[in-house]
>>> print(open('protein27.cif').read())   # mmCIF, C-alpha atoms and all ligand atoms
data_structure
#
loop_
_atom_site.label_atom_id
_atom_site.label_comp_id
_atom_site.auth_asym_id
_atom_site.auth_seq_id
_atom_site.Cartn_x
_atom_site.Cartn_y
_atom_site.Cartn_z
CA MET A 1 100.57 103.00 124.66
CA THR A 2 101.09 103.83 128.33
CA ALA A 3 98.52 102.12 130.55
CA ILE A 4 95.73 104.59 131.19
CA THR A 5 96.08 104.07 134.97
CA SER A 6 99.72 105.25 135.14
CA ILE A 7 99.95 108.46 133.16
CA THR A 8 101.02 111.93 134.22
CA ALA A 9 98.58 114.86 134.26
CA ALA A 10 100.21 116.41 131.16
CA GLN A 11 99.69 113.23 129.18
CA ALA A 12 96.22 112.62 130.53
CA GLN A 13 93.99 114.40 128.01
CA PRO A 14 95.44 113.03 124.76
CA GLN A 15 95.73 109.60 126.40
CA ARG A 16 92.06 109.73 127.37
CA GLU A 17 91.01 110.78 123.90
CA HIS A 18 93.13 108.06 122.42
CA ALA A 19 91.63 105.41 124.72
CA LEU A 20 88.10 106.48 123.83
CA ASP A 21 89.00 106.51 120.15
CA LEU A 22 90.28 102.93 120.36
CA PHE A 23 86.98 101.98 121.98
CA ARG A 24 84.97 103.85 119.35
CA GLN A 25 86.82 102.12 116.53
CA MET A 26 86.03 98.69 117.92
CA VAL A 27 82.37 99.67 118.30
CA LEU A 28 82.34 100.97 114.73
CA ILE A 29 83.64 97.66 113.37
CA ARG A 30 81.13 95.68 115.46
CA ARG A 31 78.08 97.75 114.48
CA PHE A 32 79.15 98.03 110.85
CA GLU A 33 79.44 94.26 110.59
CA GLU A 34 76.20 93.57 112.47
CA LYS A 35 74.59 95.74 109.81
CA CYS A 36 76.40 93.76 107.09
CA ALA A 37 74.91 90.51 108.43
CA GLU A 38 71.44 92.09 108.45
CA LEU A 39 71.85 93.40 104.91
CA TYR A 40 73.15 90.04 103.73
CA ARG A 41 70.05 88.32 105.07
CA ALA A 42 67.92 90.99 103.38
CA GLY A 43 69.55 90.17 100.03
CA LYS A 44 71.29 93.54 99.70
CA ILE A 45 74.79 92.06 99.86
CA HIS A 46 75.76 88.98 97.86
CA GLY A 47 78.73 86.64 97.58
CA PHE A 48 81.11 85.76 100.37
CA VAL A 49 81.15 87.80 103.57
CA HIS A 50 83.47 86.99 106.49
CA LEU A 51 82.81 88.84 109.72
CA TYR A 52 85.58 89.99 112.08
CA ILE A 53 83.29 90.21 115.13
CA GLY A 54 85.26 89.22 118.26
CA GLU A 55 88.63 90.12 116.70
CA GLU A 56 88.21 93.92 116.61
CA ALA A 57 90.94 94.66 119.17
CA ILE A 58 93.66 93.55 116.76
CA ALA A 59 92.86 95.87 113.85
CA ALA A 60 91.97 98.76 116.17
CA GLY A 61 95.10 98.34 118.30
CA ALA A 62 97.74 97.25 115.79
CA MET A 63 96.85 99.88 113.18
CA GLN A 64 97.91 102.60 115.68
CA ALA A 65 101.54 101.65 115.09
CA LEU A 66 101.38 102.65 111.42
CA ALA A 67 102.08 105.97 109.75
CA PRO A 68 99.98 107.20 106.80
CA ASP A 69 102.80 106.31 104.42
CA ASP A 70 103.03 102.68 105.57
CA ALA A 71 101.23 99.92 103.69
CA VAL A 72 98.59 97.45 104.87
CA VAL A 73 97.83 94.04 103.39
CA ALA A 74 94.94 92.02 104.79
CA THR A 75 92.74 88.99 104.14
CA TYR A 76 89.14 88.45 103.09
CA ARG A 77 88.12 89.18 106.74
CA GLU A 78 89.17 92.79 106.32
CA HIS A 79 86.24 95.17 106.79
CA GLY A 80 87.59 96.21 110.20
CA HIS A 81 91.12 96.78 108.96
CA ALA A 82 89.86 98.97 106.13
CA LEU A 83 87.67 101.05 108.45
CA VAL A 84 90.42 101.59 111.04
CA ARG A 85 92.94 102.40 108.33
CA GLY A 86 90.64 105.21 107.23
CA VAL A 87 88.90 103.84 104.15
CA PRO A 88 85.59 105.74 104.37
CA ALA A 89 82.73 103.58 105.66
CA PRO A 90 80.40 104.61 102.77
CA ALA A 91 83.00 103.43 100.21
CA VAL A 92 83.36 100.11 102.07
CA MET A 93 79.60 99.56 102.25
CA ALA A 94 79.11 100.52 98.60
CA GLU A 95 81.77 97.95 97.71
CA LEU A 96 79.89 95.27 99.63
CA TYR A 97 76.76 96.22 97.67
CA GLY A 98 78.73 95.94 94.40
CA LYS A 99 78.10 99.58 93.51
CA GLN A 100 80.60 101.49 91.41
CA GLU A 101 81.05 104.10 94.16
CA GLY A 102 82.66 101.33 96.23
CA CYS A 103 86.37 101.49 97.05
CA SER A 104 87.09 98.87 94.34
CA ARG A 105 84.40 100.19 91.96
CA GLY A 106 82.09 97.40 93.08
CA ARG A 107 84.21 94.81 91.33
CA GLY A 108 85.84 93.31 94.39
CA GLY A 109 83.09 92.95 96.97
CA SER A 110 83.66 92.09 100.61
CA MET A 111 86.88 90.13 100.06
CA HIS A 112 88.67 92.65 97.86
CA LEU A 113 88.54 96.05 99.50
CA PHE A 114 91.28 98.30 98.12
CA ASP A 115 92.19 101.93 98.64
CA ALA A 116 95.26 103.58 97.16
CA ALA A 117 94.83 106.77 99.21
CA THR A 118 95.37 104.94 102.52
CA ARG A 119 97.82 102.43 100.99
CA PHE A 120 95.38 99.65 101.80
CA TYR A 121 96.38 96.86 99.43
CA GLY A 122 93.44 94.58 100.22
CA GLY A 123 91.57 92.22 100.78
CA ASN A 124 92.68 88.85 99.30
CA ALA A 125 90.57 85.72 98.78
CA ILE A 126 93.62 83.48 98.67
CA VAL A 127 94.76 82.15 102.04
CA GLY A 128 98.34 83.40 102.47
CA GLY A 129 98.03 85.43 99.25
CA GLY A 130 98.82 88.71 100.98
CA LEU A 131 102.21 87.61 102.27
CA PRO A 132 104.16 87.77 98.99
CA LEU A 133 102.51 91.12 98.24
CA ALA A 134 103.70 92.46 101.58
CA VAL A 135 107.23 91.18 101.03
CA GLY A 136 107.23 92.73 97.54
CA LEU A 137 106.02 96.09 98.86
CA ALA A 138 108.70 96.03 101.54
CA LEU A 139 111.38 95.07 99.01
CA ALA A 140 110.32 97.99 96.79
CA ASP A 141 110.60 100.36 99.76
CA ARG A 142 114.02 98.98 100.61
CA LEU A 143 115.28 99.39 97.04
CA ALA A 144 113.89 102.93 96.79
CA ARG A 145 115.28 103.75 100.27
CA ARG A 146 111.86 104.78 101.54
CA PRO A 147 111.61 104.56 105.34
CA ARG A 148 108.25 102.76 105.38
CA VAL A 149 106.93 99.51 106.79
CA THR A 150 104.30 97.09 105.49
CA ALA A 151 101.87 95.46 107.91
CA CYS A 152 100.59 92.09 106.75
CA PHE A 153 97.53 90.69 108.55
CA PHE A 154 96.75 87.01 107.98
CA GLY A 155 95.04 84.09 109.71
CA GLU A 156 96.83 81.16 111.31
CA GLY A 157 95.53 79.02 108.42
CA ALA A 158 98.16 80.70 106.23
CA VAL A 159 101.04 79.01 108.07
CA ALA A 160 100.16 75.79 106.23
CA GLU A 161 100.88 77.47 102.90
CA GLY A 162 104.28 77.20 101.23
CA GLU A 163 104.37 80.93 100.56
CA PHE A 164 104.25 81.62 104.30
CA HIS A 165 107.63 79.89 104.65
CA GLU A 166 109.08 81.44 101.50
CA CYS A 167 108.02 84.90 102.65
CA LEU A 168 109.33 84.56 106.19
CA ASN A 169 112.62 83.20 104.90
CA LEU A 170 113.25 85.89 102.28
CA SER A 171 112.11 88.80 104.42
CA ALA A 172 114.39 87.65 107.26
CA LEU A 173 117.32 86.99 104.92
CA TRP A 174 117.00 90.42 103.31
CA LYS A 175 115.94 92.17 106.55
CA LEU A 176 112.84 93.63 104.94
CA PRO A 177 110.53 96.00 106.84
CA VAL A 178 107.51 93.72 107.27
CA LEU A 179 105.23 93.38 110.26
CA PHE A 180 103.76 89.89 110.16
CA PHE A 181 100.52 90.16 112.11
CA CYS A 182 99.09 86.65 112.50
CA GLU A 183 95.50 86.58 113.75
CA ASN A 184 95.20 83.19 115.41
CA ASN A 185 91.49 82.58 115.94
CA LEU A 186 92.09 78.82 116.39
CA TYR A 187 90.18 77.62 113.32
CA ALA A 188 90.83 77.74 109.59
CA MET A 189 87.23 77.33 108.43
CA GLY A 190 86.39 74.18 110.42
CA THR A 191 89.96 72.95 110.97
CA ALA A 192 91.55 73.46 114.37
CA LEU A 193 95.25 74.31 114.21
CA GLY A 194 96.30 71.04 115.86
CA ARG A 195 94.57 69.03 113.13
CA SER A 196 96.71 70.53 110.37
CA GLU A 197 100.03 71.46 112.01
CA SER A 198 102.62 69.22 113.66
CA GLU A 199 104.01 72.31 115.47
CA THR A 200 101.27 74.57 116.80
CA ASP A 201 103.58 77.14 118.39
CA LEU A 202 103.45 79.80 115.69
CA CYS A 203 106.10 82.03 117.27
CA LEU A 204 108.48 79.08 117.20
CA LYS A 205 107.87 78.71 113.47
CA ALA A 206 108.75 82.38 112.93
CA SER A 207 111.76 82.11 115.26
CA SER A 208 113.11 79.28 113.14
CA TYR A 209 113.60 81.90 110.41
CA GLU A 210 115.46 84.13 112.91
CA ILE A 211 112.46 86.48 113.13
CA PRO A 212 111.69 88.00 116.57
CA ALA A 213 108.22 86.74 117.53
CA TRP A 214 105.93 86.93 120.49
CA PRO A 215 102.31 86.15 121.37
CA VAL A 216 99.83 88.90 122.21
CA ASP A 217 96.43 88.87 123.93
CA GLY A 218 94.33 89.64 120.86
CA MET A 219 91.26 90.39 123.00
CA ASP A 220 92.97 93.35 124.71
CA VAL A 221 93.15 96.41 122.48
CA GLU A 222 95.88 98.12 124.54
CA ALA A 223 98.02 94.99 124.51
CA CYS A 224 97.61 94.83 120.72
CA GLU A 225 98.61 98.46 120.31
CA ASP A 226 101.54 98.17 122.66
CA ALA A 227 102.92 95.05 120.97
CA ALA A 228 102.45 96.50 117.50
CA ARG A 229 104.23 99.72 118.46
CA ARG A 230 107.18 97.80 119.88
CA ALA A 231 107.32 95.59 116.80
CA ALA A 232 107.07 98.58 114.44
CA ALA A 233 109.89 100.37 116.29
CA GLU A 234 112.12 97.32 115.81
CA VAL A 235 111.27 97.03 112.13
CA ARG A 236 111.83 100.76 111.54
CA GLY A 237 115.19 100.38 113.24
CA GLY A 238 116.28 98.22 110.30
CA GLY A 239 116.43 94.91 112.11
CA GLY A 240 114.19 93.13 109.61
CA PRO A 241 110.71 91.68 110.07
CA VAL A 242 108.88 90.99 113.33
CA PHE A 243 106.13 88.40 113.81
CA LEU A 244 103.27 88.82 116.27
CA GLU A 245 100.76 86.10 117.05
CA PHE A 246 97.54 87.74 118.18
CA ARG A 247 95.52 85.14 120.08
CA THR A 248 91.88 85.71 119.39
CA TYR A 249 88.54 84.12 118.54
CA ARG A 250 85.84 84.80 115.98
CA PHE A 251 82.40 84.91 117.54
CA ARG A 252 80.51 84.36 114.29
CA ALA A 253 80.60 81.64 111.67
CA HIS A 254 83.56 81.43 109.28
CA SER A 255 81.43 83.03 106.57
CA MET A 256 77.71 83.40 106.09
CA PHE A 257 77.35 79.65 105.44
CA ASP A 258 78.80 77.51 108.23
CA PRO A 259 76.89 75.14 110.55
CA GLN A 260 79.83 75.36 113.02
CA LEU A 261 79.91 71.66 113.83
CA TYR A 262 83.61 71.89 114.74
CA ARG A 263 83.15 73.83 117.99
CA THR A 264 80.76 73.85 120.92
CA LYS A 265 78.42 76.59 122.05
CA GLN A 266 80.10 76.36 125.44
CA GLU A 267 83.49 77.19 123.90
CA ILE A 268 82.02 80.19 122.07
CA ASP A 269 80.33 81.40 125.27
CA GLU A 270 83.61 81.11 127.20
CA TRP A 271 85.40 83.29 124.67
CA LYS A 272 82.54 85.79 124.63
CA LYS A 273 83.35 86.52 128.27
CA ARG A 274 86.58 87.98 126.86
CA ASP A 275 84.77 90.12 124.28
CA PRO A 276 87.29 92.90 123.53
CA ILE A 277 84.62 95.60 123.64
CA LEU A 278 83.24 94.34 126.94
CA ILE A 279 86.72 94.10 128.46
CA TYR A 280 87.68 97.61 127.39
CA ASP A 281 84.32 99.02 128.43
CA GLY A 282 85.01 97.70 131.95
CA ARG A 283 88.55 99.09 132.03
CA LEU A 284 87.48 102.53 130.82
CA ARG A 285 84.69 102.69 133.39
CA GLU A 286 87.11 101.70 136.16
CA SER A 287 89.41 104.56 135.21
CA GLY A 288 86.49 107.00 135.06
CA LEU A 289 86.68 107.52 131.29
CA LEU A 290 83.39 105.93 130.36
CA ASP A 291 79.88 106.08 131.76
CA ASP A 292 76.43 105.37 130.35
CA ASP A 293 76.05 108.86 128.89
CA ARG A 294 79.35 108.78 127.05
CA LEU A 295 78.68 105.26 125.83
CA LYS A 296 75.35 106.39 124.42
CA ARG A 297 77.04 109.27 122.61
CA ILE A 298 79.60 106.90 121.11
CA GLU A 299 76.93 104.41 120.08
CA ASP A 300 74.74 107.17 118.59
CA GLY A 301 77.67 108.55 116.61
CA VAL A 302 78.58 105.13 115.29
CA ALA A 303 74.95 104.34 114.42
CA ALA A 304 74.79 107.57 112.39
CA GLU A 305 78.04 106.70 110.60
CA VAL A 306 76.79 103.21 109.71
CA GLN A 307 73.44 104.59 108.52
CA LYS A 308 75.26 107.13 106.34
CA ALA A 309 77.26 104.28 104.81
CA VAL A 310 74.09 102.30 104.06
CA ASP A 311 72.36 105.35 102.55
CA PHE A 312 75.39 105.98 100.34
CA ALA A 313 75.47 102.36 99.18
CA GLU A 314 71.71 102.33 98.52
CA ALA A 315 71.98 105.51 96.44
CA GLY A 316 74.98 104.13 94.53
CA THR A 317 74.86 103.07 90.91
CA TRP A 318 75.56 99.81 89.11
CA GLU A 319 78.35 99.78 86.59
CA PRO A 320 76.83 99.83 83.09
CA VAL A 321 77.05 96.52 81.22
CA GLU A 322 79.01 98.17 78.41
CA ASP A 323 81.83 98.82 80.91
CA LEU A 324 82.21 95.11 81.58
CA THR A 325 85.51 94.80 79.72
CA ARG A 326 87.07 97.97 81.18
CA PHE A 327 90.13 97.20 83.32
CA VAL A 328 90.30 93.73 81.80
CA TYR A 329 93.71 93.32 80.22
CA SER A 330 94.07 91.01 77.26
CA GLU A 331 95.53 91.00 73.75
CA ARG A 332 92.12 91.98 72.43
CA THR A 333 91.74 95.13 74.59
CA ARG A 334 95.17 96.37 73.48
CA THR A 335 94.35 96.29 69.74
C1 LIG A 401 95.03 78.91 98.92
C2 LIG A 401 93.66 78.71 99.50
N1 LIG A 401 93.33 77.48 99.96
C3 LIG A 401 92.10 77.28 100.50
C4 LIG A 401 91.18 78.29 100.54
C5 LIG A 401 89.81 78.06 101.16
N2 LIG A 401 89.74 78.75 102.45
C6 LIG A 401 89.09 79.92 102.54
S1 LIG A 401 89.17 80.54 104.08
C7 LIG A 401 90.08 79.24 104.64
C8 LIG A 401 90.53 79.21 106.09
C9 LIG A 401 91.62 80.15 106.42
O1 LIG A 401 91.73 80.31 107.82
P1 LIG A 401 92.64 81.38 108.49
O2 LIG A 401 93.81 81.68 107.61
O3 LIG A 401 92.96 80.91 109.85
O4 LIG A 401 91.78 82.71 108.53
P2 LIG A 401 90.36 82.97 109.22
O5 LIG A 401 89.31 82.63 108.20
O6 LIG A 401 90.28 82.13 110.44
O7 LIG A 401 90.34 84.42 109.51
C10 LIG A 401 90.30 78.34 103.62
C11 LIG A 401 91.06 77.09 103.80
C12 LIG A 401 91.55 79.55 100.00
N3 LIG A 401 90.72 80.59 100.01
N4 LIG A 401 92.80 79.73 99.52
#
>>> encode(input="protein27.cif", output="structure tokens")
Amino acid sequence: MTAITSITAAQAQPQREHALDLFRQMVLIRRFEEKCAELYRAGKIHGFVHLYIGEEAIAAGAMQALAPDDAVVATYREHGHALVRGVPAPAVMAELYGKQEGCSRGRGGSMHLFDAATRFYGGNAIVGGGLPLAVGLALADRLARRPRVTACFFGEGAVAEGEFHECLNLSALWKLPVLFFCENNLYAMGTALGRSESETDLCLKASSYEIPAWPVDGMDVEACEDAARRAAAEVRGGGGPVFLEFRTYRFRAHSMFDPQLYRTKQEIDEWKKRDPILIYDGRLRESGLLDDDRLKRIEDGVAAEVQKAVDFAEAGTWEPVEDLTRFVYSERTRT
């Protein structure tokens, strides 16, 4: 996206609306997930929940590079990706509740959001598990000559997995249309990158497979959008995959259970000064696009959207016990 300070008058209005929309999407993810944490503590949501708070700029920015027909593959930290991709917030919240009105019929929960309509292929509890899916989706598009790309979001913890290397190798060899979007938040659960990797330069790893790769400030939503658009243009041009390393930080615990003994409060506070919402709030105010009134309108709108999602989830229904074996494939169900 063109920097909002250097646009012509003709471009100004859509650019302004776009900038405010990027901001609103980050606020939506933040408030939605703050509500998730509250509901988890209240016993409304069970199982594993991984919050994306602090990393919102990546999903909000990078998703702008995708067309409706493209595919998205994500990890278990994927509420934000689903929301920005257009999976309705009520369907996401109902899924977290385990209600059958959820986007995965309540059978997946927080880690397995899925939505065919937006080509959102999940949500995956397996570290690195999304990468082969993304390569397979891209291979299918290539074989069917469909001009689509697949965006694969994953954490830096995935680079320790064998399938990361297999997937980078094959997608580069076959020049498949994959956007590898690595979200490097420095820790895989409690393990800092340098404690598990001999080479911590992730772009160098991707380059070793002849994949163009560059780092991006993952706390700056415009930088994320700009990089993703450039990467998507290259991939659509038929040059094969591109790898982006979004440098970011998660402000909350790894999941709901994590004493966080592996990092200091001082480190967390330092990164919070680079809060993507705070940074963009400041930039929008400087360029005259945001003031207290407009911020209040955005916050009120988002609060209403989150409340609607909670109401929908609360009113949702549990799948009847007799349906337990539906969608379970085995010899027995076929006879
Ligand atoms: C194959 C596999 N090994 C181990 C785990 C346990 N595990 C869950 S999350 C996680 C850390 C992954 O970190 P990263 O990929 O950097 O993503 P982040 O949680 O930081 O977003 C691990 C090791 C798992 N889910 N899958």
>>> closest_residue(input="protein27.cif", among="A:Arg24, A:Lys296, A:Arg148, A:Arg107", to="Tyr280 (chain A)", atoms="only C-alpha atoms")
A:Arg24
>>> closest_residue(input="protein27.cif", among="A:Gly122, A:Gly282, A:Pro14, A:Pro241", to="Leu173 (chain A)", atoms="only C-alpha atoms")
A:Pro241
>>> closest_residue(input="protein27.cif", among="A:Asp269, A:Glu78, A:Asp115, A:Glu222", to="Gln15 (chain A)", atoms="only C-alpha atoms")
A:Glu222
>>> axis_aligned_box(input="protein27.cif", around="ligand LIG 401 (chain A)", padding_each_side="3 Å", output="JSON")
{"center_x": 92.1, "center_y": 80.8, "center_z": 104.7, "size_x": 11.9, "size_y": 13.3, "size_z": 17.5}
>>> closest_residue(input="protein27.cif", among="A:Arg146, A:His18, A:Lys99, A:His81", to="Glu56 (chain A)", atoms="only C-alpha atoms")
A:His81
>>> atom_distance(input="protein27.cif", atom1="CA of Ala116 (chain A)", atom2="CA of Val92 (chain A)")
13.3 Å
>>> residues_near_ligand(input="protein27.cif", ligand="ligand LIG 401 (chain A)", cutoff="9 Å", atoms="all atoms listed in the file", output="count of residues only")
36
>>> closest_residue(input="protein27.cif", among="A:Gly54, A:Pro90, A:Gly47, A:Pro147", to="Ala233 (chain A)", atoms="only C-alpha atoms")
A:Pro147
>>> residues_around(input="protein27.cif", residues="region 133-138 of chain A", least_positions_apart="6", cutoff="7 Å", atoms="all atoms listed in the file", output="list in words")
Val73, Val149, Thr150, Cys152, Cys167, Ser171, Leu176, Pro177 and Val178 of chain A
>>> atom_distance(input="protein27.cif", atom1="CA of Arg252 (chain A)", atom2="CA of Ile268 (chain A)")
9.0 Å
>>> atom_distance(input="protein27.cif", atom1="CA of Leu22 (chain A)", atom2="CA of Ala213 (chain A)")
24.3 Å
>>> closest_residue(input="protein27.cif", among="A:Leu143, A:Val49, A:Leu244, A:Cys224", to="Pro212 (chain A)", atoms="all atoms listed in the file")
A:Leu244
>>> residues_around(input="protein27.cif", residues="Ser110 (chain A)", least_positions_apart="2", cutoff="7 Å", atoms="only C-alpha atoms", output="NGL selection string")
:A and (48-49 or 95-96 or 108 or 112-113)
>>> residues_around(input="protein27.cif", residues="Pro215 (chain A)", least_positions_apart="2", cutoff="12 Å", atoms="only C-alpha atoms", output="NGL selection string")
:A and (180-184 or 201-204 or 206-207 or 212-213 or 217-219 or 223-224 or 227-228 or 231 or 242-248)
>>> closest_atom_pairs(input="protein27.cif", of="region 242-331 of chain A", to="region 41-46 of chain A", cutoff="10 Å", atoms="all atoms listed in the file", output="tab-separated table")
residue	atom	partner	partner_atom	distance
A:Met256	CA	A:Arg41	CA	9.2
A:Ala313	CA	A:Lys44	CA	9.8
A:Glu314	CA	A:Lys44	CA	8.9
>>> residues_around(input="protein27.cif", residues="Pro132 (chain A)", least_positions_apart="6", cutoff="9 Å", atoms="only C-alpha atoms", output="ChimeraX atom specification")
/A:163-164,166-167
